[in-house]
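A quick write-up on the structure given underneath.
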Amino acid sequence: MKFLKFFLIVIILFPLSSINAEENDKRNKITKNLRCLICQGQSVYDSDSEFATSLKIVVDKKLKEGLSEDQIYEYFKIKYGEWILYDPGLNKNTYILWLLPILIFLIGGAIIYKSFIVKK
Amino acid sequence: MKNKILPFSVIIIFGIIFFIFYKGLEDSKIYTPDVNTKKEIPVFNTKEFFFGKNVKSSSIFELDKVYLLNIWSSWCAPCRQEHPLLMNLNLDNKLNIIGMNYKDNLKNAENFLKELGNPYKEIFIDLDGTIAIEWGAYGVPETFLIYNNEIIKKYIGPLNQELIDEINLLIK
């Protein structure tokens, strides 16, 4: 009987805790990608400022409402602008940021190709 | 021919990089949030400050009226500093000043109003700061000018006489 009770408790508790952990992971991931706008060089996850603590609560709420990660980013983007995301999307303001490294890489590759391989 | 392309392209690449960095020097390094965009005000439910009644945002903000939403707190020193300005603004009847009490102890907040006066037509409370996030606020004090359920202008930080003059000009 005791064993059965124990078994039941384990069965009841186990899946719940794993769901909880999953939600926590998601929350941490999201708050790590949100910039704490009133701090210097800290994410919302790292900060304990009033702003960041409120933001964490809002992220929790949105997750409970069933919003996906991208929807939550979109929500904060509307409220605070692109700057709140550490990982900015590709748009007309950020295309240089995204394309310049690729461009430099290609040009550099072309120079190397021209000067070393073609010479042979 | 080959020998000419290489230095030429190197110069062009350095030129482009120099140009981008030089442009970057001119930009302000201080992040300035967008304060002029017209945004719809958020919809939220909260409690009223004095009686603790539940209120909806739609019942506070009516169309066709000008509102000034001021986020304040008794623990915030700049709020204390801007409070007399709000009291003066209140003499003007065109403007409805709404208060949002941010993460505060209600007793302290009441004492704050007793000491410095109450310029607000209505006050609602934001205990955990989530409503302020809905508004896109950064902290206290912060002030929003609202007309027709749209945020016309946002002032981050304490108001001063210059900004009060600007508000007066805007609502005329």
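Ordered as shown in the structure tokens, chains take letters A, B, and onward, while each chain numbers its residues from 1 and ligands are numbered from 1 in the order shown.
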
Which chain B residues are at most 6 Å from chain A (counting only C-alpha atoms), as a list in words?
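Close to chain A, chain B has Gly129, Thr130 and Gly136 of chain B.
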
Write the residues of the preceding selection, restricted to N, CA and C atoms, as an mmCIF file, in the first residue's frame.
```cif
data_model
loop_
_atom_site.group_PDB
_atom_site.id
_atom_site.type_symbol
_atom_site.label_atom_id
_atom_site.label_comp_id
_atom_site.auth_asym_id
_atom_site.auth_seq_id
_atom_site.Cartn_x
_atom_site.Cartn_y
_atom_site.Cartn_z
ATOM 1 N N GLY B 129 3.993 46.478 -11.882
ATOM 2 C CA GLY B 129 4.689 47.143 -12.985
ATOM 3 C C GLY B 129 4.328 46.620 -14.357
ATOM 4 N N THR B 130 3.377 45.678 -14.436
ATOM 5 C CA THR B 130 3.075 45.088 -15.745
ATOM 6 C C THR B 130 2.269 46.034 -16.631
ATOM 7 N N GLY B 136 4.529 50.620 -22.523
ATOM 8 C CA GLY B 136 5.852 50.844 -23.107
ATOM 9 C C GLY B 136 6.671 51.819 -22.287
#
```

Asn90 in chain B: which residues within 12 Å, counting only C-alpha atoms, same-chain residues fewer than 4 positions away excluded, as a ChimeraX atom specification?
/B:67-68,83-86,94-98,117-121,164,168

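Nearest residue to Glu48 in chain B, choosing from B:Asn160, B:Asn148, B:Asn101, B:Thr143 and counting only C-alpha atoms: B:Asn101.
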
Based on DSSP run over this structure's backbone, return all residues of chain B in strand (DSSP E or B), as a PyMOL selection string.
chain B and resi 39-40+45-48+54-56+66-72+96-102+122-126+142-147+150-156

Quick one: pull the distance between CA of Gly139 in chain B and CA of Asn111 in chain B, Å, one decimal.
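Separation between CA of Gly139 in chain B and CA of Asn111 in chain B: 21.1 Å.
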
Work out how far apart CA of Pro101 in chain A and CA of Ile117 in chain A are and give it in Å to one decimal.
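These atoms are spaced 22.8 Å apart.
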
According to DSSP computed on the backbone, where in chain A is there helix (DSSP H, G or I)? Give the residues as a PyMOL selection string.
chain A and resi 2-32+50-64+69-80+82-84+95-117

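Computed from the coordinates, the CA of Gly99 in chain B to CA of Val44 in chain A distance equals 26.5 Å.
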